[in-house]
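Student: This is the content of structure_35.txt (compact mmCIF, N, CA and C atoms):
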```
# COMPACT_ATOMS: atom_id res chain seq x y z
N MET A 25 -12.06 -34.46 45.86
CA MET A 25 -12.83 -33.86 44.80
C MET A 25 -14.29 -34.28 44.87
N TYR A 26 -14.57 -35.54 45.13
CA TYR A 26 -15.95 -36.00 45.18
C TYR A 26 -16.43 -36.27 46.59
N GLY A 27 -15.58 -36.15 47.57
CA GLY A 27 -16.01 -36.34 48.94
C GLY A 27 -15.63 -37.70 49.49
N GLU A 28 -16.16 -37.97 50.66
CA GLU A 28 -15.81 -39.17 51.40
C GLU A 28 -16.18 -40.47 50.68
N ALA A 29 -17.34 -40.51 50.03
CA ALA A 29 -17.77 -41.76 49.38
C ALA A 29 -16.76 -42.21 48.34
N ASP A 30 -16.17 -41.28 47.58
CA ASP A 30 -15.21 -41.63 46.53
C ASP A 30 -13.97 -42.28 47.13
N LYS A 31 -13.60 -41.86 48.32
CA LYS A 31 -12.43 -42.42 48.99
C LYS A 31 -12.59 -43.93 49.21
N TYR A 32 -13.83 -44.37 49.33
CA TYR A 32 -14.12 -45.78 49.58
C TYR A 32 -14.55 -46.53 48.31
N GLY A 33 -14.32 -45.92 47.16
CA GLY A 33 -14.65 -46.61 45.93
C GLY A 33 -16.11 -46.50 45.55
N LEU A 34 -16.79 -45.51 46.06
CA LEU A 34 -18.21 -45.31 45.76
C LEU A 34 -18.42 -43.91 45.20
N ARG A 35 -19.33 -43.77 44.28
CA ARG A 35 -19.70 -42.46 43.75
C ARG A 35 -21.18 -42.27 44.06
N LEU A 36 -21.48 -41.25 44.83
CA LEU A 36 -22.86 -40.95 45.23
C LEU A 36 -23.37 -39.78 44.40
N ARG A 37 -24.52 -39.97 43.78
CA ARG A 37 -25.16 -38.88 43.02
C ARG A 37 -26.54 -38.64 43.59
N ILE A 38 -26.87 -37.37 43.71
CA ILE A 38 -28.17 -36.98 44.26
C ILE A 38 -28.84 -36.03 43.29
N TRP A 39 -30.08 -36.32 42.95
CA TRP A 39 -30.89 -35.44 42.11
C TRP A 39 -32.02 -34.91 42.96
N PHE A 40 -32.13 -33.59 43.02
CA PHE A 40 -33.19 -32.93 43.78
C PHE A 40 -34.01 -32.15 42.76
N ARG A 41 -35.25 -32.57 42.55
CA ARG A 41 -36.08 -31.97 41.52
C ARG A 41 -37.27 -31.26 42.15
N VAL A 42 -37.51 -30.04 41.71
CA VAL A 42 -38.63 -29.25 42.21
C VAL A 42 -39.50 -28.88 41.01
N THR A 43 -40.78 -29.26 41.07
CA THR A 43 -41.70 -29.00 39.97
C THR A 43 -42.88 -28.19 40.47
N PRO A 44 -43.12 -27.01 39.91
CA PRO A 44 -44.31 -26.23 40.31
C PRO A 44 -45.58 -26.99 39.92
N VAL A 45 -46.54 -27.06 40.84
CA VAL A 45 -47.81 -27.71 40.54
C VAL A 45 -48.96 -26.71 40.50
N ASP A 46 -48.77 -25.56 41.10
CA ASP A 46 -49.71 -24.44 41.00
C ASP A 46 -48.96 -23.20 41.47
N PRO A 47 -49.57 -22.03 41.42
CA PRO A 47 -48.82 -20.80 41.75
C PRO A 47 -48.20 -20.77 43.14
N ARG A 48 -48.71 -21.56 44.08
CA ARG A 48 -48.18 -21.50 45.44
C ARG A 48 -47.55 -22.80 45.94
N HIS A 49 -47.53 -23.84 45.12
CA HIS A 49 -47.04 -25.13 45.59
C HIS A 49 -46.09 -25.78 44.59
N VAL A 50 -45.17 -26.57 45.14
CA VAL A 50 -44.25 -27.34 44.31
C VAL A 50 -44.25 -28.79 44.79
N ARG A 51 -43.86 -29.67 43.93
CA ARG A 51 -43.64 -31.07 44.30
C ARG A 51 -42.14 -31.27 44.29
N MET A 52 -41.62 -31.81 45.38
CA MET A 52 -40.18 -32.01 45.52
C MET A 52 -39.89 -33.50 45.53
N CYS A 53 -38.93 -33.90 44.70
CA CYS A 53 -38.52 -35.31 44.62
C CYS A 53 -37.01 -35.39 44.75
N LEU A 54 -36.57 -36.38 45.47
CA LEU A 54 -35.14 -36.60 45.66
C LEU A 54 -34.82 -38.03 45.25
N THR A 55 -33.77 -38.19 44.48
CA THR A 55 -33.31 -39.51 44.08
C THR A 55 -31.82 -39.59 44.38
N ALA A 56 -31.39 -40.71 44.90
CA ALA A 56 -29.97 -40.92 45.17
C ALA A 56 -29.55 -42.23 44.53
N ALA A 57 -28.34 -42.26 44.02
CA ALA A 57 -27.80 -43.48 43.41
C ALA A 57 -26.34 -43.63 43.81
N VAL A 58 -25.91 -44.87 43.93
CA VAL A 58 -24.53 -45.17 44.28
C VAL A 58 -23.94 -46.05 43.19
N ARG A 59 -22.72 -45.73 42.79
CA ARG A 59 -22.01 -46.52 41.79
C ARG A 59 -20.64 -46.85 42.35
N HIS A 60 -20.17 -48.05 42.08
CA HIS A 60 -18.82 -48.44 42.48
C HIS A 60 -17.83 -47.85 41.50
N THR A 61 -16.82 -47.15 41.99
CA THR A 61 -15.81 -46.58 41.11
C THR A 61 -14.65 -47.54 40.91
N ARG A 62 -14.61 -48.55 41.71
CA ARG A 62 -13.60 -49.61 41.56
C ARG A 62 -14.35 -50.92 41.38
N PRO A 63 -14.62 -51.31 40.13
CA PRO A 63 -15.46 -52.48 39.86
C PRO A 63 -15.01 -53.76 40.54
N SER A 64 -13.71 -53.89 40.83
CA SER A 64 -13.24 -55.12 41.47
C SER A 64 -13.63 -55.20 42.94
N ARG A 65 -14.14 -54.08 43.49
CA ARG A 65 -14.51 -54.06 44.91
C ARG A 65 -15.74 -54.92 45.16
N THR A 66 -15.68 -55.71 46.18
CA THR A 66 -16.84 -56.50 46.61
C THR A 66 -16.88 -56.44 48.12
N GLY A 67 -17.71 -57.21 48.70
CA GLY A 67 -17.74 -57.32 50.15
C GLY A 67 -18.19 -56.06 50.84
N ALA A 68 -17.29 -55.44 51.61
CA ALA A 68 -17.63 -54.30 52.45
C ALA A 68 -18.21 -53.13 51.66
N ALA A 69 -17.64 -52.83 50.49
CA ALA A 69 -18.14 -51.70 49.68
C ALA A 69 -19.58 -51.94 49.26
N ARG A 70 -19.90 -53.17 48.87
CA ARG A 70 -21.28 -53.47 48.45
C ARG A 70 -22.25 -53.42 49.63
N VAL A 71 -21.78 -53.86 50.78
CA VAL A 71 -22.64 -53.82 51.98
C VAL A 71 -22.95 -52.37 52.34
N VAL A 72 -21.95 -51.50 52.24
CA VAL A 72 -22.15 -50.08 52.55
C VAL A 72 -23.01 -49.43 51.47
N ALA A 73 -22.78 -49.78 50.21
CA ALA A 73 -23.47 -49.12 49.10
C ALA A 73 -24.96 -49.42 49.06
N ALA A 74 -25.35 -50.60 49.43
CA ALA A 74 -26.76 -51.00 49.31
C ALA A 74 -27.74 -50.07 50.03
N PRO A 75 -27.54 -49.77 51.31
CA PRO A 75 -28.51 -48.91 52.00
C PRO A 75 -28.25 -47.41 51.84
N LEU A 76 -27.14 -47.04 51.20
CA LEU A 76 -26.75 -45.64 51.12
C LEU A 76 -27.77 -44.74 50.44
N PRO A 77 -28.33 -45.10 49.27
CA PRO A 77 -29.31 -44.21 48.65
C PRO A 77 -30.53 -43.94 49.54
N ARG A 78 -31.03 -44.97 50.17
CA ARG A 78 -32.19 -44.80 51.05
C ARG A 78 -31.85 -43.91 52.25
N ALA A 79 -30.67 -44.10 52.83
CA ALA A 79 -30.26 -43.31 53.99
C ALA A 79 -30.07 -41.84 53.61
N VAL A 80 -29.45 -41.60 52.45
CA VAL A 80 -29.23 -40.22 51.99
C VAL A 80 -30.57 -39.55 51.71
N THR A 81 -31.48 -40.27 51.07
CA THR A 81 -32.80 -39.72 50.78
C THR A 81 -33.53 -39.36 52.07
N TYR A 82 -33.48 -40.24 53.05
CA TYR A 82 -34.14 -39.99 54.34
C TYR A 82 -33.53 -38.77 55.04
N ALA A 83 -32.21 -38.73 55.13
CA ALA A 83 -31.53 -37.62 55.82
C ALA A 83 -31.79 -36.30 55.09
N SER A 84 -31.78 -36.32 53.77
CA SER A 84 -32.05 -35.10 53.02
C SER A 84 -33.47 -34.61 53.25
N GLY A 85 -34.41 -35.54 53.35
CA GLY A 85 -35.78 -35.17 53.64
C GLY A 85 -35.91 -34.48 54.99
N LEU A 86 -35.20 -34.98 55.99
CA LEU A 86 -35.23 -34.36 57.32
C LEU A 86 -34.68 -32.93 57.25
N GLU A 87 -33.60 -32.74 56.53
CA GLU A 87 -33.01 -31.42 56.41
C GLU A 87 -33.91 -30.48 55.62
N THR A 88 -34.50 -30.98 54.56
CA THR A 88 -35.39 -30.16 53.74
C THR A 88 -36.62 -29.73 54.53
N ASP A 89 -37.15 -30.61 55.35
CA ASP A 89 -38.32 -30.27 56.18
C ASP A 89 -38.05 -29.07 57.08
N LYS A 90 -36.80 -28.90 57.49
CA LYS A 90 -36.45 -27.76 58.34
C LYS A 90 -36.59 -26.44 57.59
N ASP A 91 -36.51 -26.48 56.26
CA ASP A 91 -36.59 -25.26 55.45
C ASP A 91 -38.03 -24.84 55.15
N VAL A 92 -38.99 -25.73 55.30
CA VAL A 92 -40.37 -25.45 54.93
C VAL A 92 -40.92 -24.20 55.62
N PRO A 93 -40.73 -24.02 56.93
CA PRO A 93 -41.25 -22.79 57.56
C PRO A 93 -40.68 -21.51 56.93
N VAL A 94 -39.44 -21.54 56.51
CA VAL A 94 -38.85 -20.36 55.86
C VAL A 94 -39.53 -20.14 54.51
N TRP A 95 -39.69 -21.21 53.73
CA TRP A 95 -40.31 -21.09 52.41
C TRP A 95 -41.74 -20.59 52.49
N LYS A 96 -42.46 -20.99 53.53
CA LYS A 96 -43.86 -20.57 53.66
C LYS A 96 -44.00 -19.07 53.87
N HIS A 97 -42.97 -18.44 54.40
CA HIS A 97 -43.04 -17.01 54.68
C HIS A 97 -42.23 -16.16 53.69
N MET A 98 -41.77 -16.79 52.64
CA MET A 98 -41.01 -16.04 51.64
C MET A 98 -41.95 -15.18 50.81
N ALA A 99 -41.42 -14.12 50.30
CA ALA A 99 -42.19 -13.24 49.41
C ALA A 99 -41.40 -13.06 48.12
N HIS A 100 -42.10 -13.04 47.02
CA HIS A 100 -41.44 -12.83 45.74
C HIS A 100 -41.05 -11.36 45.61
N LEU A 101 -39.80 -11.13 45.28
CA LEU A 101 -39.32 -9.77 45.02
C LEU A 101 -38.94 -9.70 43.55
N GLU A 102 -39.55 -8.80 42.83
CA GLU A 102 -39.29 -8.68 41.40
C GLU A 102 -37.81 -8.41 41.12
N ARG A 103 -37.21 -7.54 41.89
CA ARG A 103 -35.80 -7.22 41.70
C ARG A 103 -35.07 -7.24 43.05
N PRO A 104 -34.78 -8.42 43.57
CA PRO A 104 -34.09 -8.49 44.86
C PRO A 104 -32.66 -7.96 44.75
N ARG A 105 -32.16 -7.47 45.83
CA ARG A 105 -30.80 -6.96 45.86
C ARG A 105 -29.81 -8.11 45.70
N LEU A 106 -28.76 -7.83 45.00
CA LEU A 106 -27.69 -8.80 44.84
C LEU A 106 -26.51 -8.39 45.70
N VAL A 107 -25.76 -9.38 46.10
CA VAL A 107 -24.55 -9.10 46.88
C VAL A 107 -23.36 -9.70 46.15
N GLU A 108 -22.18 -9.20 46.50
CA GLU A 108 -20.97 -9.73 45.89
C GLU A 108 -20.89 -11.23 46.16
N GLY A 109 -20.56 -11.97 45.16
CA GLY A 109 -20.48 -13.42 45.33
C GLY A 109 -21.70 -14.15 44.80
N ASP A 110 -22.76 -13.42 44.39
CA ASP A 110 -23.95 -14.08 43.85
C ASP A 110 -23.69 -14.73 42.49
N GLY A 111 -22.63 -14.34 41.85
CA GLY A 111 -22.29 -14.95 40.56
C GLY A 111 -23.15 -14.41 39.43
N PRO A 112 -23.24 -15.19 38.34
CA PRO A 112 -23.95 -14.72 37.14
C PRO A 112 -25.47 -14.88 37.27
N ILE A 113 -26.02 -14.42 38.36
CA ILE A 113 -27.45 -14.63 38.63
C ILE A 113 -28.34 -13.91 37.62
N THR A 114 -27.93 -12.76 37.12
CA THR A 114 -28.75 -12.03 36.15
C THR A 114 -28.92 -12.85 34.88
N ARG A 115 -27.85 -13.45 34.40
CA ARG A 115 -27.92 -14.30 33.21
C ARG A 115 -28.83 -15.51 33.47
N PHE A 116 -28.71 -16.09 34.64
CA PHE A 116 -29.57 -17.23 35.00
C PHE A 116 -31.03 -16.81 35.05
N ARG A 117 -31.31 -15.67 35.64
CA ARG A 117 -32.71 -15.19 35.73
C ARG A 117 -33.30 -14.98 34.34
N ARG A 118 -32.52 -14.40 33.44
CA ARG A 118 -33.00 -14.21 32.07
C ARG A 118 -33.35 -15.54 31.43
N TRP A 119 -32.50 -16.53 31.62
CA TRP A 119 -32.73 -17.86 31.06
C TRP A 119 -33.97 -18.50 31.70
N ALA A 120 -34.11 -18.42 33.01
CA ALA A 120 -35.20 -19.06 33.73
C ALA A 120 -36.56 -18.42 33.44
N ARG A 121 -36.57 -17.16 33.04
CA ARG A 121 -37.81 -16.43 32.80
C ARG A 121 -38.70 -17.14 31.77
N GLN A 122 -38.11 -17.87 30.85
CA GLN A 122 -38.89 -18.57 29.82
C GLN A 122 -39.82 -19.63 30.40
N PHE A 123 -39.57 -20.10 31.62
CA PHE A 123 -40.35 -21.17 32.21
C PHE A 123 -41.51 -20.66 33.07
N TYR A 124 -41.61 -19.35 33.23
CA TYR A 124 -42.64 -18.78 34.08
C TYR A 124 -43.75 -18.18 33.22
N GLY A 125 -44.99 -18.40 33.67
CA GLY A 125 -46.12 -17.81 32.99
C GLY A 125 -46.34 -16.38 33.48
N GLU A 126 -47.43 -15.80 33.02
CA GLU A 126 -47.78 -14.44 33.46
C GLU A 126 -48.20 -14.48 34.92
N PRO A 127 -47.88 -13.45 35.69
CA PRO A 127 -48.30 -13.40 37.10
C PRO A 127 -49.83 -13.42 37.20
N LEU A 128 -50.31 -14.04 38.26
CA LEU A 128 -51.78 -14.09 38.48
C LEU A 128 -52.29 -12.83 39.10
```
Render the structure in this file as structure tokens.

Tutor:
Amino acid sequence: MYGEADKYGLRLRIWFRVTPVDPRHVRMCLTAAVRHTRPSRTGAARVVAAPLPRAVTYASGLETDKDVPVWKHMAHLERPRLVEGDGPITRFRRWARQFYGEPL
């Protein structure tokens, strides 16, 4: 259910936050945290847990960097086509619209 880390008594949480700073740029921040799901665990679990947030943050940064060239060439489409499996995207778009200002 939670992946490999949970199997070893660890719970890994990752927060990826994207904040618009101007019409064409965003600031991206990633935070990772590890929690022991079995408090009695010591030794090996703690040794593994200590560097895990830093390693996950680093690896995620490498993967995210690969997406930058795609993002630089993206174009905003007012009404992009939807495909089966997109889920309740229309409801999400309506909700998200409140956070956007008028187009420049």

Student: Give me every alpha helix (DSSP H) residue in segment 25-80 of chain A, going by DSSP on the backbone, as JSON, numbers by chain.

Tutor: {"A": [28, 29, 30, 31, 68, 69, 70, 71, 72, 73, 76, 77, 78, 79, 80]}

Student: Here is a test: counting only N, CA and C atoms, which residue of A:Ala120, A:Val92, A:Ala56, A:Leu86 is nearest to Arg37 of chain A?

Tutor: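 Closest to Arg37 of chain A, using only N, CA and C atoms: A:Ala56.
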
Student: Would you compute the distance between atom CA of Leu34 of chain A and atom CA of Val58 of chain A? Give it in Å to one decimal.

Tutor: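 Distance reported for this atom pair: 6.5 Å.
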
Student: Could you give me, as number ranges by chain, the residues within 9 Å of Trp39 of chain A, counting only C-alpha atoms and dropping anything in the same chain fewer than 6 positions from it?

Tutor: A: 53-57

Student: Please measure the separation of atom CA of Val94 of chain A and atom CA of Gly109 of chain A, giving the value in Å to one decimal.

Tutor: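 It comes out at 22.3 Å.
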
Student: Mind pulling up the distance from atom CA of Thr61 of chain A to atom CA of Tyr32 of chain A?

Tutor: 8.7 Å

Student: Return as a PyMOL selection string the full set of residues in segment 38-126 of chain A whose backbone-based DSSP assignment is strand (DSSP E).

Tutor: chain A and resi 38-46+49-60

Student: Quick one: 8 Å padding each side, axis-aligned, all listed atoms of segment 98-114 of chain A - centre and edge lengths in Å to one decimal, as JSON?

Tutor:
```
{"center_x": -31.3, "center_y": -11.9, "center_z": 43.8, "size_x": 37.7, "size_y": 25.8, "size_z": 33.8}
```

Student: Counting only N, CA and C atoms, find the residues whose atoms lie at most 7 Å from (-18.0, -48.3, 39.5) (file coordinates) and write them out as a PDB file with N, CA and C atoms, keeping the file's coordinate frame.

Tutor:
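Just written: out.pdb:
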```
ATOM      1  N   GLY A  33     -14.320 -45.920  47.160  1.00  0.00           N
ATOM      2  CA  GLY A  33     -14.650 -46.610  45.930  1.00  0.00           C
ATOM      3  C   GLY A  33     -16.110 -46.500  45.550  1.00  0.00           C
ATOM      4  N   LEU A  34     -16.790 -45.510  46.060  1.00  0.00           N
ATOM      5  CA  LEU A  34     -18.210 -45.310  45.760  1.00  0.00           C
ATOM      6  C   LEU A  34     -18.420 -43.910  45.200  1.00  0.00           C
ATOM      7  N   ARG A  35     -19.330 -43.770  44.280  1.00  0.00           N
ATOM      8  CA  ARG A  35     -19.700 -42.460  43.750  1.00  0.00           C
ATOM      9  C   ARG A  35     -21.180 -42.270  44.060  1.00  0.00           C
ATOM     10  N   ARG A  59     -22.720 -45.730  42.790  1.00  0.00           N
ATOM     11  CA  ARG A  59     -22.010 -46.520  41.790  1.00  0.00           C
ATOM     12  C   ARG A  59     -20.640 -46.850  42.350  1.00  0.00           C
ATOM     13  N   HIS A  60     -20.170 -48.050  42.080  1.00  0.00           N
ATOM     14  CA  HIS A  60     -18.820 -48.440  42.480  1.00  0.00           C
ATOM     15  C   HIS A  60     -17.830 -47.850  41.500  1.00  0.00           C
ATOM     16  N   THR A  61     -16.820 -47.150  41.990  1.00  0.00           N
ATOM     17  CA  THR A  61     -15.810 -46.580  41.110  1.00  0.00           C
ATOM     18  C   THR A  61     -14.650 -47.540  40.910  1.00  0.00           C
ATOM     19  N   ARG A  62     -14.610 -48.550  41.710  1.00  0.00           N
ATOM     20  CA  ARG A  62     -13.600 -49.610  41.560  1.00  0.00           C
ATOM     21  C   ARG A  62     -14.350 -50.920  41.380  1.00  0.00           C
ATOM     22  N   PRO A  63     -14.620 -51.310  40.130  1.00  0.00           N
ATOM     23  CA  PRO A  63     -15.460 -52.480  39.860  1.00  0.00           C
ATOM     24  C   PRO A  63     -15.010 -53.760  40.540  1.00  0.00           C
TER      25      PRO A  63
END
```
